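To start, the structure under review is shown below, and the notes come after it.
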Number of protein chains: 2
Amino acid sequence: MATHTIQTDLHDFEPAPKLSIKDLNPNVIKAEFAVRGTIPMKAQELQTQLNKNPHSLPFNEITVANIGNPQELHQKPLTFARQVVSILQYPELLNRRNELTSTTPPIYNNDSFDRAEKLLNEIGGSVGAYSASQGVYGIRKTIANYITQRDLGESASPNDIFMTTGATAASSYLLSILSNGPQTGVLLPIPQYPLYTALLALHNATMLPYYLEEESGWSIDTNEIEKTIKKNAMTKGIQPKVMVIINPGNPTGSILSEDSLIKIFNIAAKYGIVIIADEVYQENLFNGNKFHSCKKVLRSLQKQFPTQYNNVQLASLHSTSKGLFGECGQRGGYMEIIGFNNDVRNLILKLACIDVCPVVTGQAMMDLMILPPKQGDQSYQLDCIERQQIHNDMLNRAKKLYDMFSHMEGIQCQKPQGAMYLFPRLLLSTKVIDEAKKFEMEPDEFYCHELLNETGICTVPGSGFGQKPNTYHLRTTFLAPGDQWINKWEKFHKAFLKRYT
Amino acid sequence: MATHTIQTDLHDFEPAPKLSIKDLNPNVIKAEFAVRGTIPMKAQELQTQLNKNPHSLPFNEITVANIGNPQELHQKPLTFARQVVSILQYPELLNRRNELTSTTPPIYNNDSFDRAEKLLNEIGGSVGAYSASQGVYGIRKTIANYITQRDLGESASPNDIFMTTGATAASSYLLSILSNGPQTGVLLPIPQYPLYTALLALHNATMLPYYLEEESGWSIDTNEIEKTIKKNAMTKGIQPKVMVIINPGNPTGSILSEDSLIKIFNIAAKYGIVIIADEVYQENLFNGNKFHSCKKVLRSLQKQFPTQYNNVQLASLHSTSKGLFGECGQRGGYMEIIGFNNDVRNLILKLACIDVCPVVTGQAMMDLMILPPKQGDQSYQLDCIERQQIHNDMLNRAKKLYDMFSHMEGIQCQKPQGAMYLFPRLLLSTKVIDEAKKFEMEPDEFYCHELLNETGICTVPGSGFGQKPNTYHLRTTFLAPGDQWINKWEKFHKAFLKRYT
């Protein structure tokens, strides 16, 4: 070290203190994110304890039901998609194609090579190069075609597609651009995915909650929304600028009807409210429920009533993390923006440029999710079987969990329609409520805490998503395999009720 | 469509207008990012034109010299790293290991399988699952070991490592947490990587510029910094809270001496200023220049003068995008935080949780970058050759470009010490300056614009990075292969000078 060569009085001073909480950004301080909040943090501690001492707790493992993370729970990734990305990562394999496809069974399928070649070509040769900030053009074109097909011919343009790091980055860009201080009002469904409340806190916008109607399958009451708009816009000087809808719903698992969407766009058009449509669960549908994309409904309205609806601004979000794909760790996503002025579009592009580009393999994953092998392709049959298997597994697990909740005393649960979650209501006694107070917890947080401590099942309390006052819920995924955890839960619940009657 | 079933007076209203610029977040509006700014945007347009009509311009291709994106310019990725990530994406290959390693030549090496198995184990089985928000623990442990080795035994802890989406996300987290309105002062080197000015704009903090000394190889004058601190802290009510240093420098290519770093920490300790050390180019060193990590210098100071230096707060950033790896599109990165209070640490973790997790293959890439094959491993020899080749290529290209600038009239260029850039000074005549004014351009922007239009070479004007008043520069990477573009540049420059004498 050369420190001694410097004059020694350099180091003769009174040191300043470290930063403390009062020096920090208050918006970050007030943001909360329950999905990885206190209960999941506690679960992590317990996991560490189990790793060190496997017999120190009343359970052998943590059941991760707090986050929609299918592959953590051993959902098998789709073979075709993974073959292609494997080749993208090591394009030297293209030179060994004959060897790799001619073994029995083949190590890689022929159509995996074909797709990898196409994607490499679109990407420009290497997944290790930054792509355009908006995303690889060829992939955006594929997405535009997919949307056009999904919406029965309502056309989409690659120029309106922005590839993003999961759907999270898309929400973050939009709320960053649209927030202009506390006078910016953002309509959020309650309960909601806590990403949105967190982003509102970070960007210092004001939440305008609209409560979903639990009794009618967590539906939307647009009259209530209009009341909120008028009340807040008129009396508090808050401009209702954005409305978030999550369809299929997170944490509720509900699906919005076409009529609901029409009414939502009606409000959007009347009040100039931007619609952010979180549609990441559009593939996760059960029991014949149908998904109506916002884009399609909007285009139909625009065709019939162009003057009234042509100003509507919509951003639709999608992700590789959900659906039957479940590739959460790959961080693929896109948003389609519809009807925005060029000024707004350019700001989105600017934020994308500052982040340079979304991960390129994640972009490829999006291509693979929406464009599976076609009939006649070597991978077609296996891909169909794998997708069907994942769908059936989810459906069965959802049913099993729903059946349990239906039979349990002190629990009410809406029927699963879509997504990956159930959001049962806990009818908790005043004894529970009083006991929770002692620990400075919300009553449902207390329930989740006890559930975790006694069974290792990790869920998220309803208070983390928002709920009507004096109602209590929890969100659980139905992804965990097997029956054992469900049985343990039932046993815990009975004992819990008994303890606090 | 069911629209006709709804009462028709629903659609009888006066539609609201679309959002316009006045409704949007002014902080996003004022942010600028020159690396993907007007010149690169123009280059994209020209590329589109070339694709449509190859002979419509005075050149056949765009030479991308605006961004450090080596693999876009055909730098070959390292074989070992790509083999491993290829296996991570398709773990079925583990079951075919014998076949894949026994061909001549082998399709995959044995140590690639070994590493993939180790990583899969650490990751928990699938790169498609979300990891811990802070990053995979096992990978953070590997990084901590790497840092300890780099810093000759100064220990590092996995708990202080946060994996991030490139180094960009790390900077973004830090400046988001530390910014508390315009009274937050952030010392930025001028010239600087425009990510930092963009983030300051987004978070509404105040830039406190400190000018680098071009004549002495873009060195830091700490006396100037101290003057800035006193002047601003005392007269304008701005709290100097953060200082960004970029070492090796971007866009300057300079390297900070140990003495400079000691003086920087001296200021940090005296005034309680957080140091954000952007050290992403730490592997890109030329001509025997040595990199001194901030962490190592700080620890040495703390050993000698604990009272004075124990409060210093440092965040050191690294990335898979640079070095010899150049895996930009994989979006791997980490930061090590040192000396922060727990409050601050928890806020960083909260922001990481809101983003759920950095892409898992990017995390694996970081492991592979810092832990290459060891002597005796099957991949060792090739890996050494490949790394050496990339280093030599960069060095040769840097030299060639530097030689050209050294011989050119009206250009002064500091010798390349590190990073991927040269930042030559343009001595522009008043004729150029007047001409630029006509087009409402900065004089260096005008030069870059003309260079692009006549040769297809895309660079970034110095005005995008900041520079002393009445000086003009440009940043060019030296990554583009071949001599032809260098010759074209020389020819252009001569003609340009002649035109404007």
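Each chain in the structure tokens gets a letter, A, B and so on, in the order shown; residues start at 1 in every chain, and ligands are counted from 1 in the order they appear.
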Proximity check region 349-430 of chain B to region 359-378 of chain A, 12 Å, nearest pairs one decimal Å, only C-alpha atoms, as JSON lines:
```
{"residue": "B:Pro358", "atom": "CA", "partner": "A:Val359", "partner_atom": "CA", "distance": 9.7}
{"residue": "B:Val359", "atom": "CA", "partner": "A:Val359", "partner_atom": "CA", "distance": 7.5}
{"residue": "B:Val360", "atom": "CA", "partner": "A:Gly362", "partner_atom": "CA", "distance": 10.4}
{"residue": "B:Thr361", "atom": "CA", "partner": "A:Thr361", "partner_atom": "CA", "distance": 8.8}
{"residue": "B:Gly362", "atom": "CA", "partner": "A:Val359", "partner_atom": "CA", "distance": 8.3}
{"residue": "B:Gln363", "atom": "CA", "partner": "A:Val359", "partner_atom": "CA", "distance": 11.7}
```
Practice prompt. Do a least-squares overlay of chain B on chain A, C-alpha atoms all paired in order, then report the RMSD in Å.
Written response: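 The C-alpha RMSD comes out at 0.0 Å.
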Could you list, as a PyMOL selection string, every residue of chain B that has an atom within 6 Å of an atom of chain A, counting only C-alpha atoms? chain B and resi 15-16+18+24-25+69+71-72+82-83+86+89-90+127-130+177-180+269-272+308+311+327-331+359-360
Skip Arg150 (chain A) itself and residues of its chain fewer than 2 positions away, then list as a ChimeraX atom specification all residues within 12 Å of it, counting only C-alpha atoms. /A:143-148,152-156,282-283,291-296,370-371
The distance between CA of Gly185 (chain A) and CA of Ile338 (chain A) is 20.6 Å
### Task
Please run DSSP on the backbone and report, as a PyMOL selection string, all residues within region 300-387 of chain A that come out as alpha helix (DSSP H).
chain A and resi 300-304+306-309+342-354+360-370+380-387
message = Report as a list in words all protein, DNA and RNA residues lying within 9 Å of Glu435 (chain A), evaluated on only C-alpha atoms, omitting residues in the same chain fewer than 6 positions from it.
response = Met441, Pro443, Phe446 and Tyr500 of chain A
| request: Could you jot down the CA of Gly237 (chain B) to CA of Pro209 (chain B) separation for me, Å, one decimal place? | output: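 So the two atoms, CA of Gly237 (chain B) and CA of Pro209 (chain B), lie 16.0 Å apart.
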Nearest residue to Ile390 (chain B) out of B:Gln149, B:Asn284, B:Gln302, B:Asn60, using only C-alpha atoms?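 Ranking B:Gln149, B:Asn284, B:Gln302, B:Asn60 by distance to Ile390 (chain B), first place goes to B:Asn284.
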As a check of understanding: the span from CA of Phe492 (chain A) to CA of Lys322 (chain A) is 29.8 Å
From the options A:Asp403, A:Asp111, A:Glu386, A:Glu445, which residue's atoms come nearest to Arg97 (chain A), counting only C-alpha atoms?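 Closest to Arg97 (chain A), using only C-alpha atoms: A:Asp111.
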- Could you tell me, as a list in words, which residues of region 178-284 of chain A DSSP assigns to strand (DSSP E or B) when given the backbone? Thr184, Gly185, Val186, Leu187, Leu188, Pro189, Ile190, Thr206, Met207, Leu208, Pro209, Tyr210, Tyr211, Glu213, Ser219, Gln239, Pro240, Lys241, Val242, Met243, Val244, Ile245, Ile246, Val274, Ile275, Ile276, Ala277 and Asp278 of chain A
Taking C-alpha atoms for each residue, export the selection above as a tab-separated table (two decimals), in the first residue's frame.
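Output file result-v3.tsv follows:
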```tsv
chain	number	residue	atom	x	y	z
A	184	THR	CA	-51.88	11.47	-10.20
A	185	GLY	CA	-54.60	8.97	-9.33
A	186	VAL	CA	-54.24	5.30	-10.22
A	187	LEU	CA	-57.27	3.05	-9.94
A	188	LEU	CA	-56.20	-0.29	-8.49
A	189	PRO	CA	-58.37	-3.34	-7.90
A	190	ILE	CA	-58.47	-4.46	-4.28
A	206	THR	CA	-52.07	8.22	-5.28
A	207	MET	CA	-53.96	4.95	-5.15
A	208	LEU	CA	-57.67	5.09	-5.94
A	209	PRO	CA	-58.86	1.68	-4.77
A	210	TYR	CA	-61.79	-0.10	-6.37
A	211	TYR	CA	-63.03	-3.11	-4.47
A	213	GLU	CA	-67.00	-8.09	-5.42
A	219	SER	CA	-66.18	-9.28	-10.29
A	239	GLN	CA	-56.60	13.36	-11.62
A	240	PRO	CA	-57.68	9.75	-12.24
A	241	LYS	CA	-55.15	8.99	-14.94
A	242	VAL	CA	-54.59	5.24	-14.94
A	243	MET	CA	-56.60	2.13	-14.19
A	244	VAL	CA	-54.95	-1.21	-13.63
A	245	ILE	CA	-56.92	-4.34	-14.37
A	246	ILE	CA	-55.56	-7.83	-13.75
A	274	VAL	CA	-55.11	4.86	-19.47
A	275	ILE	CA	-55.81	1.15	-19.04
A	276	ILE	CA	-52.90	-1.03	-17.90
A	277	ALA	CA	-54.07	-4.58	-18.55
A	278	ASP	CA	-52.02	-7.16	-16.69
```
Check your understanding: Do you know which residues are at most 12 Å from Asn487 (chain A) counting only C-alpha atoms, after dropping those on the same chain fewer than 4 positions away, and could you put them as a VMD selection string?
Key -> chain A and resid 400 to 401 403 to 405 408 455 457 482 to 483 491 to 494
Discussion item. When you count only C-alpha atoms, which of these residues is closest to Leu451 (chain B): B:Ser254, B:Thr476, B:Thr430, B:Ser157?
Written reply: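 Looking at the shortest contact to Leu451 (chain B), the residue is B:Thr476.
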